[in-house]
Structures are given as structure tokens and as C-alpha cells.
Amino acid sequence: MKKLVCIVGSTGSGKTAVGIDVALALGAEILSIDSRQLYRDFIIGTAQPTAAEQAQVPHHLTNFHDAREPMTAGTFAKLARDKIKELLQSGKPTVLVGGSGLYYRAIFDGLFQGPPIDPEYREKLRDRAEQSGVPALHLELQQVDPVIAEKIQPNDYIRIERALEVFHTSGKRLSDWWQNGTDRFEFEPIYVCLRRERSDVVRRIAQRTAIMLREGWIDEVRQLLEAGYGDAIEREKFHGYREIAAYLRNELSLAETEERINIVTRQYAKRQMTWFRHTEGMHWVDVTPDDSTNKIAQRVLQIVQPILSAKSLTS
RNA sequence: GCCGCUUUAGCUCAGUUGGUAGAGCAACGGACUGAAAAUCCGUGUGUCCCCAGUUCAAGUCUGGGAGGCGGCA
């Protein structure tokens with residue numbers, strides 16, 4: 001089975017720079033696996049690759065989708081699979097770089113093969129949740145699908161919504177869909193996670209926030225708000241964009257805004273590492289503040305190249 | 001210098017008639033099957049400013065001291 005290099009890690013771990021070096025060494029192009037960089041015009045605050053970086057290696061699946069039409073893991077996985085195959089047909093291997101754990105799972109393991117989302121039903125459900133509370137919907141889920149209800153917390157609205165939605169639109173329980181398995185991809189991931197000390201991550205996040213603010217993030221948000229993306233920013237909870245929008249409404253000082261951004265970013269980094277820590281088959285690359293990008297990339301290649309060449313011997 | 005208020009978790013603060021403390025945020029750990037930068041679950045991490053006194057028992061009452069804030073000088 002063909003294998004694909006996947007460089008993962010938390011926000012601010014240095015994935016982007018390392019990914020470029022690795023892609024150059026492998027003669028590959030980069031597929032961004034990032035649930036926020038994919039949105040058009042959300043550039044500075046989502047740390048999209050810069051023009052200089054894109055000049056070194058072409059990046060795909062960034063800056064292409066209108067945020068007023070939210071992306072889903074399933075749709076993204078389809079796009080990613082198509083792009084990987086398309087690149088390969090033109091003789092280009094792909095390196096996947098990004099920190100969105102579920103998106104990797106959707107690409108490689110596949111999601112269960114059930115119905116897509118139903119926006120109208122979701123709207124109705126949301127109204128009901130506001131009226132009678134989320135646990136009431138959980139009770140309802142217990143009636144239709146006790147197996148799934150058991151696995152979902154009574155307050156976990158998003159999962160309850162999905163489970164009820166699946167039952168509503170397909171007439172089949174989510175737990176039954178799960179029984180049928182998933183549509184696995186024909187490629188297999190080689191996951192490599194960049195891991196830094198917590199204090200290093202905290203420092204780098206603060207540094208990164210300061211740089212983004214200096215480089216025009218606030219103007220970017222102002223323009224997005226003027227272009228009518230305010231609702232999308234709130235709904236999708238874009239880190240920093242919400243805080244800056246609050247700042248522009250004079251609800252936060254600049255210092256408070258920066259601190260809030262650092263906090264939500266740190267919390268996210270923590271959740272990302274919890275996910276990757278429990279990802280099967282993960283290869284770890286421990287990184288210290290002194291390591292150069294090139295050195296880190298070399299270590300990634302040391303892990304990845306033997307696996308890639310073992311594959312070519314057998315295929 | 002005098003008067004008043006104040007000092008409890010990393011931060012902001014609750015704490016009944018005395019029975020060795022708790023909430024929000026932060027932090028830490030976890031889950032994650034089409035919103036994933038989402039969503040949810042779990043954990044208290046403490047010389048209750050210090051010293052002495054009263055009391056079976058003091059965060060709580062009394063006296064003294066120290067820090068902070070405000071007012072009058």
C-alpha cells in the first residue's frame with residue numbers, strides 16, 4: 001500500500017517550515033490539513049503559508065473556500081483524496097502538513113458511510129435545544145439509539161445533534177452505520193508529530209500572536225467584518241478573529257485581546273496534543289528551542305525515508 | 001502623622017450564629033466517526049498576611065505588627 005508522509009503537531013510547533021524542507025527533499029507538494037487555513041481571506045490569523053513559502057513548494061487546500069459556507073470533515077476528505085491522486089498522476093508525491101486530527105482520520109480511516117449534514121433539521125434541533133435544554137435531546141437519543149447515547153455526554157450538543165440527524169435523515173441508527181465500517185483510503189499515513197516542551201510551545205504561541213498582530217491581523221479582521229464574515233467568525237469560533245472583533249467593538253483592550261488570543265491558542269494546542277498522543281502508529285520527533293528547521297526536517301526524513309523505500313521494494 | 005476600607009487558590013472574589021474553606025476564570029488530565037481552531041467530561045493546586053490572646057475549637061472574636069487602596073493633614 002502506498003504511504004503518505006503526514007507532519008503533525010500543535011499550533012506553533014513549526015510544522016509549516018519543517019514541512020517545506022521535507023517536501024523539498026522528497027520532491028513533493030504540500031497538502032494543508034488545516035480546518036481554518038482552508039478558508040479564503042483568513043490569512044494572517046490562521047498562519048497560512050506566505051507567498052515566499054508557496055514559492056518554495058506549492059501548497060494545496062489553503063485559502064480556497066468561502067467561510068460563509070462551512071466546510072465539513074467529510075467534504076474536506078473527498079477534496080484531499082482527489083487532490084492527492086491528481087498530484088500523483090502528474091508524478092508528484094504529496095506531503096500532508098497540518099494539525100486537524102479529525103481531518104486526517106476522515107481522509108485515511110474514512111468516516112462512517114452515512115448521510116451528509118442536513119442544515120434545516122439542524123436549525124430545528126437548535127431551537128429545541130434552546131427551549132428544552134440539551135440533556136432533553138440526549139434523553140431522546142437514548143430512546144432511538146441507546147448504544148450511541150451511552151457514548152455521548154448529556155451536554156455534548158454537537159454529537160447529540162449529529163446522532164439524531166443521522167437517524168432523522170436516514171431512518172437508521174448511527175450505531176448501525178458504524179457497524180458497516182468506513183471507506184478507507186487506498187493510501188496509508190506515516191504520522192510524524194513534532195513535540196516541544198510545554199513552556200516552549202507557550203513561548204512560541206505568544207511570539208507568534210505578537211507577530212501576527214504586528215503584521216496586520218487587525219486590518220484583516222476589519223476587512224472580513226466589512227465583507228460580512230462576522231457571523232462566520234462567531235459560528236466557527238476562529239481563534240483570535242473573535243477576540244479582535246470584540247476589540248474592534250471596544251469590548252477589550254489591545255493587551256486583553258492579545259492575552260485572550262494566547263489563552264485560546266494554548267488551550268487548542270493542548271487538545272491537539274491529546275489527540276496526537278493517542279494516535280496509533282505515531283512517530284515522535286522531540287524538538288528543542290535550539291533545533292534548526294533543517295535539523296528537524298532531517299530527523300523527520302530519517303524516520304520517513306526507510307518506510308517509503310521499503311514500500312517501493314515490495315510494490 | 002491621623003482616620004477609614006482591605007489582605008482567603010495563579011487571577012478576581014464568596015465564606016452564614018466560631019466547627020481547619022469554595023465559585024468563576026486560568027492551569028492540568030481525558031474523550032473525540034461529516035461544526036474539530038468545534039464540542040464535551042474530570043481534577044483544587046491553599047502558612048485563609050504575620051505574631052500573640054480568648055475558646056474544647058479561630059478564615060471568622062480581641063490586641064499588636066506588616067502590606068495595599070482611599071481620605072484628611
# chains A, B, ... in the order shown; residues from 1 in each chain; ligands from 1
>>> closest_atom_pairs(of="chain A", to="chain B", cutoff="9 Å", atoms="only C-alpha atoms (C1' of nucleotides)", output="JSON lines")
{"residue": "A:Ser35", "atom": "CA", "partner": "B:A37", "partner_atom": "C1'", "distance": 7.5}
{"residue": "A:Arg36", "atom": "CA", "partner": "B:A37", "partner_atom": "C1'", "distance": 6.8}
{"residue": "A:Thr46", "atom": "CA", "partner": "B:A37", "partner_atom": "C1'", "distance": 8.6}
{"residue": "A:Pro70", "atom": "CA", "partner": "B:A35", "partner_atom": "C1'", "distance": 7.7}
{"residue": "A:Met71", "atom": "CA", "partner": "B:A35", "partner_atom": "C1'", "distance": 8.2}
{"residue": "A:Thr72", "atom": "CA", "partner": "B:G34", "partner_atom": "C1'", "distance": 5.6}
{"residue": "A:Ala73", "atom": "CA", "partner": "B:G34", "partner_atom": "C1'", "distance": 5.3}
{"residue": "A:Gly74", "atom": "CA", "partner": "B:G34", "partner_atom": "C1'", "distance": 4.6}
{"residue": "A:Thr75", "atom": "CA", "partner": "B:G34", "partner_atom": "C1'", "distance": 7.4}
{"residue": "A:Ser100", "atom": "CA", "partner": "B:A36", "partner_atom": "C1'", "distance": 6.9}
{"residue": "A:Gly101", "atom": "CA", "partner": "B:A36", "partner_atom": "C1'", "distance": 7.5}
{"residue": "A:Leu102", "atom": "CA", "partner": "B:A36", "partner_atom": "C1'", "distance": 6.1}
{"residue": "A:Tyr103", "atom": "CA", "partner": "B:A36", "partner_atom": "C1'", "distance": 8.0}
{"residue": "A:Arg105", "atom": "CA", "partner": "B:U33", "partner_atom": "C1'", "distance": 8.6}
{"residue": "A:Ala106", "atom": "CA", "partner": "B:U33", "partner_atom": "C1'", "distance": 8.2}
{"residue": "A:Gly110", "atom": "CA", "partner": "B:U33", "partner_atom": "C1'", "distance": 8.2}
{"residue": "A:Leu111", "atom": "CA", "partner": "B:U33", "partner_atom": "C1'", "distance": 5.3}
{"residue": "A:Phe112", "atom": "CA", "partner": "B:U33", "partner_atom": "C1'", "distance": 5.9}
{"residue": "A:Gly114", "atom": "CA", "partner": "B:G34", "partner_atom": "C1'", "distance": 8.7}
{"residue": "A:Pro115", "atom": "CA", "partner": "B:G34", "partner_atom": "C1'", "distance": 8.3}
{"residue": "A:Pro116", "atom": "CA", "partner": "B:G34", "partner_atom": "C1'", "distance": 6.1}
{"residue": "A:Ile117", "atom": "CA", "partner": "B:G34", "partner_atom": "C1'", "distance": 6.5}
{"residue": "A:Ile152", "atom": "CA", "partner": "B:C40", "partner_atom": "C1'", "distance": 8.3}
{"residue": "A:Gln153", "atom": "CA", "partner": "B:C40", "partner_atom": "C1'", "distance": 6.4}
{"residue": "A:Pro154", "atom": "CA", "partner": "B:C40", "partner_atom": "C1'", "distance": 8.6}
{"residue": "A:Asn155", "atom": "CA", "partner": "B:C40", "partner_atom": "C1'", "distance": 6.6}
{"residue": "A:Asp156", "atom": "CA", "partner": "B:C40", "partner_atom": "C1'", "distance": 4.9}
{"residue": "A:Tyr157", "atom": "CA", "partner": "B:U39", "partner_atom": "C1'", "distance": 6.9}
{"residue": "A:Ile158", "atom": "CA", "partner": "B:U39", "partner_atom": "C1'", "distance": 5.7}
{"residue": "A:Arg159", "atom": "CA", "partner": "B:U39", "partner_atom": "C1'", "distance": 7.4}
{"residue": "A:Arg162", "atom": "CA", "partner": "B:G34", "partner_atom": "C1'", "distance": 8.5}
{"residue": "A:Trp178", "atom": "CA", "partner": "B:U33", "partner_atom": "C1'", "distance": 7.6}
{"residue": "A:Thr182", "atom": "CA", "partner": "B:U33", "partner_atom": "C1'", "distance": 8.7}
{"residue": "A:Arg235", "atom": "CA", "partner": "B:A35", "partner_atom": "C1'", "distance": 8.4}
{"residue": "A:Glu236", "atom": "CA", "partner": "B:A35", "partner_atom": "C1'", "distance": 7.0}
{"residue": "A:Lys237", "atom": "CA", "partner": "B:A37", "partner_atom": "C1'", "distance": 7.0}
{"residue": "A:Phe238", "atom": "CA", "partner": "B:A37", "partner_atom": "C1'", "distance": 5.7}
{"residue": "A:His239", "atom": "CA", "partner": "B:A37", "partner_atom": "C1'", "distance": 5.6}
{"residue": "A:Ile263", "atom": "CA", "partner": "B:A26", "partner_atom": "C1'", "distance": 8.6}
{"residue": "A:Val264", "atom": "CA", "partner": "B:A37", "partner_atom": "C1'", "distance": 8.6}
{"residue": "A:Thr265", "atom": "CA", "partner": "B:A37", "partner_atom": "C1'", "distance": 7.7}
{"residue": "A:Tyr268", "atom": "CA", "partner": "B:A37", "partner_atom": "C1'", "distance": 6.6}
{"residue": "A:Thr274", "atom": "CA", "partner": "B:G30", "partner_atom": "C1'", "distance": 8.0}
{"residue": "A:Trp275", "atom": "CA", "partner": "B:C32", "partner_atom": "C1'", "distance": 8.1}
>>> select_by_dssp(residues="stretch 209-296 of chain A", states="alpha helix (DSSP H)", output="PyMOL selection string")
chain A and resi 209-214+217-226+230-236+241-248+254-277+293-296
>>> select_by_dssp(residues="stretch 119-266 of chain A", states="strand (DSSP E or B)", output="VMD selection string")
chain A and resid 182 187 to 196
>>> residues_around(residues="stretch 50-59 of chain B", least_positions_apart="2", cutoff="10 Å", atoms="only C-alpha atoms (C1' of nucleotides)", output="VMD selection string")
chain B and resid 8 15 18 to 21 47 to 48 61 to 66
>>> residues_around(residues="stretch 53-62 of chain A", least_positions_apart="3", cutoff="10 Å", atoms="only C-alpha atoms (C1' of nucleotides)", output="PyMOL selection string")
chain A and resi 16-17+19-21+23-24+27-43+48-50+65+76+79-80+83-84+94-97
>>> atom_distance(atom1="atom CA of A:Gly9", atom2="atom CA of A:Leu26")
20.0 Å
>>> residues_around(residues="B:C13", least_positions_apart="2", cutoff="10 Å", atoms="only C-alpha atoms (C1' of nucleotides)", output="list in words")
U8, C11, A23 and G24 of chain B
>>> write_last_selection(atoms="all heavy atoms", output="mmCIF file, in the first residue's frame")
data_model
loop_
_atom_site.group_PDB
_atom_site.id
_atom_site.type_symbol
_atom_site.label_atom_id
_atom_site.label_comp_id
_atom_site.auth_asym_id
_atom_site.auth_seq_id
_atom_site.Cartn_x
_atom_site.Cartn_y
_atom_site.Cartn_z
ATOM 1 P P U B 8 -5.768 37.866 49.670
ATOM 2 O OP1 U B 8 -4.508 37.352 49.094
ATOM 3 O OP2 U B 8 -6.799 38.436 48.799
ATOM 4 O "O5'" U B 8 -6.426 36.705 50.528
ATOM 5 C "C5'" U B 8 -5.615 35.812 51.281
ATOM 6 C "C4'" U B 8 -6.297 34.475 51.401
ATOM 7 O "O4'" U B 8 -7.582 34.649 52.070
ATOM 8 C "C3'" U B 8 -6.678 33.848 50.072
ATOM 9 O "O3'" U B 8 -5.585 33.171 49.469
ATOM 10 C "C2'" U B 8 -7.788 32.895 50.501
ATOM 11 O "O2'" U B 8 -7.261 31.780 51.176
ATOM 12 C "C1'" U B 8 -8.540 33.773 51.505
ATOM 13 N N1 U B 8 -9.600 34.588 50.860
ATOM 14 C C2 U B 8 -10.787 33.950 50.558
ATOM 15 O O2 U B 8 -10.981 32.773 50.790
ATOM 16 N N3 U B 8 -11.726 34.741 49.952
ATOM 17 C C4 U B 8 -11.608 36.066 49.632
ATOM 18 O O4 U B 8 -12.536 36.652 49.088
ATOM 19 C C5 U B 8 -10.341 36.655 49.977
ATOM 20 C C6 U B 8 -9.405 35.905 50.565
ATOM 21 P P C B 11 -2.222 35.449 42.484
ATOM 22 O OP1 C B 11 -1.370 36.610 42.804
ATOM 23 O OP2 C B 11 -2.934 34.745 43.558
ATOM 24 O "O5'" C B 11 -3.287 35.890 41.384
ATOM 25 C "C5'" C B 11 -2.932 36.801 40.355
ATOM 26 C "C4'" C B 11 -4.165 37.121 39.520
ATOM 27 O "O4'" C B 11 -4.667 35.878 38.958
ATOM 28 C "C3'" C B 11 -5.344 37.663 40.314
ATOM 29 O "O3'" C B 11 -5.240 39.073 40.475
ATOM 30 C "C2'" C B 11 -6.532 37.267 39.445
ATOM 31 O "O2'" C B 11 -6.686 38.137 38.348
ATOM 32 C "C1'" C B 11 -6.088 35.899 38.932
ATOM 33 N N1 C B 11 -6.584 34.780 39.741
ATOM 34 C C2 C B 11 -7.924 34.404 39.587
ATOM 35 O O2 C B 11 -8.644 35.045 38.808
ATOM 36 N N3 C B 11 -8.401 33.354 40.292
ATOM 37 C C4 C B 11 -7.597 32.687 41.121
ATOM 38 N N4 C B 11 -8.121 31.656 41.789
ATOM 39 C C5 C B 11 -6.237 33.051 41.299
ATOM 40 C C6 C B 11 -5.772 34.096 40.599
ATOM 41 P P A B 23 -17.360 24.733 44.569
ATOM 42 O OP1 A B 23 -18.715 24.211 44.571
ATOM 43 O OP2 A B 23 -16.233 23.920 44.076
ATOM 44 O "O5'" A B 23 -17.321 26.118 43.758
ATOM 45 C "C5'" A B 23 -18.550 26.667 43.337
ATOM 46 C "C4'" A B 23 -18.364 28.025 42.709
ATOM 47 O "O4'" A B 23 -17.650 28.916 43.584
ATOM 48 C "C3'" A B 23 -17.543 28.070 41.433
ATOM 49 O "O3'" A B 23 -18.278 27.581 40.335
ATOM 50 C "C2'" A B 23 -17.314 29.582 41.336
ATOM 51 O "O2'" A B 23 -18.483 30.234 40.914
ATOM 52 C "C1'" A B 23 -17.064 29.952 42.807
ATOM 53 N N9 A B 23 -15.645 30.069 43.157
ATOM 54 C C8 A B 23 -14.817 29.136 43.739
ATOM 55 N N7 A B 23 -13.589 29.558 43.944
ATOM 56 C C5 A B 23 -13.607 30.848 43.465
ATOM 57 C C6 A B 23 -12.609 31.847 43.392
ATOM 58 N N6 A B 23 -11.359 31.673 43.830
ATOM 59 N N1 A B 23 -12.947 33.040 42.842
ATOM 60 C C2 A B 23 -14.198 33.205 42.406
ATOM 61 N N3 A B 23 -15.220 32.352 42.424
ATOM 62 C C4 A B 23 -14.853 31.181 42.972
ATOM 63 P P G B 24 -17.553 27.095 39.017
ATOM 64 O OP1 G B 24 -18.578 26.407 38.219
ATOM 65 O OP2 G B 24 -16.310 26.396 39.388
ATOM 66 O "O5'" G B 24 -17.145 28.446 38.285
ATOM 67 C "C5'" G B 24 -18.127 29.285 37.703
ATOM 68 C "C4'" G B 24 -17.473 30.555 37.219
ATOM 69 O "O4'" G B 24 -16.948 31.277 38.366
ATOM 70 C "C3'" G B 24 -16.245 30.348 36.334
ATOM 71 O "O3'" G B 24 -16.600 30.113 34.982
ATOM 72 C "C2'" G B 24 -15.514 31.671 36.514
ATOM 73 O "O2'" G B 24 -16.108 32.704 35.759
ATOM 74 C "C1'" G B 24 -15.741 31.922 38.012
ATOM 75 N N9 G B 24 -14.642 31.360 38.798
ATOM 76 C C8 G B 24 -14.594 30.132 39.416
ATOM 77 N N7 G B 24 -13.458 29.908 40.036
ATOM 78 C C5 G B 24 -12.717 31.063 39.814
ATOM 79 C C6 G B 24 -11.412 31.412 40.233
ATOM 80 O O6 G B 24 -10.618 30.748 40.911
ATOM 81 N N1 G B 24 -11.047 32.668 39.777
ATOM 82 C C2 G B 24 -11.828 33.489 39.026
ATOM 83 N N2 G B 24 -11.295 34.660 38.674
ATOM 84 N N3 G B 24 -13.056 33.185 38.625
ATOM 85 C C4 G B 24 -13.433 31.967 39.052
#
>>> closest_residue(among="A:Ser10, A:Ala47, A:Glu188, A:Gln179", to="A:Gln267", atoms="only C-alpha atoms")
A:Ser10
>>> residues_around(residues="stretch 244-258 of chain A", least_positions_apart="4", cutoff="9 Å", atoms="only C-alpha atoms (C1' of nucleotides)", output="MDAnalysis selection string")
chainID A and resid 206 209:210 213 217:218 221:222 225 230 233 240 262:263
>>> write_last_selection(atoms="C-alpha atoms", output="PDB file, in the first residue's frame")
ATOM      1  CA  ALA A 206       2.991  34.340  22.405  1.00  0.00           C
ATOM      2  CA  THR A 209       0.479  36.181  18.227  1.00  0.00           C
ATOM      3  CA  ALA A 210       2.604  39.310  18.602  1.00  0.00           C
ATOM      4  CA  LEU A 213      -0.839  41.447  15.276  1.00  0.00           C
ATOM      5  CA  TRP A 217      -4.148  40.826  11.599  1.00  0.00           C
ATOM      6  CA  ILE A 218      -6.438  43.534  12.960  1.00  0.00           C
ATOM      7  CA  VAL A 221     -10.377  41.153  10.646  1.00  0.00           C
ATOM      8  CA  ARG A 222     -11.726  44.622   9.957  1.00  0.00           C
ATOM      9  CA  LEU A 225     -16.188  42.125   9.133  1.00  0.00           C
ATOM     10  CA  GLY A 230     -18.875  38.461  11.244  1.00  0.00           C
ATOM     11  CA  ILE A 233     -16.224  34.226  12.679  1.00  0.00           C
ATOM     12  CA  GLY A 240      -8.222  35.435  17.597  1.00  0.00           C
ATOM     13  CA  ASN A 262      -2.773  33.408  23.624  1.00  0.00           C
ATOM     14  CA  ILE A 263      -5.040  31.588  26.052  1.00  0.00           C
TER      15      ILE A 263
END
>>> residues_around(residues="B:A27", least_positions_apart="6", cutoff="12 Å", atoms="only C-alpha atoms (C1' of nucleotides)", output="JSON, numbers by chain")
{"A": [263, 266, 267, 270], "B": [9, 10, 11, 43, 44, 45]}
>>> atom_distance(atom1="atom CA of A:Arg277", atom2="atom CA of A:Arg208")
23.7 Å
>>> atom_distance(atom1="atom CA of A:Gln272", atom2="atom CA of A:Val8")
9.3 Å
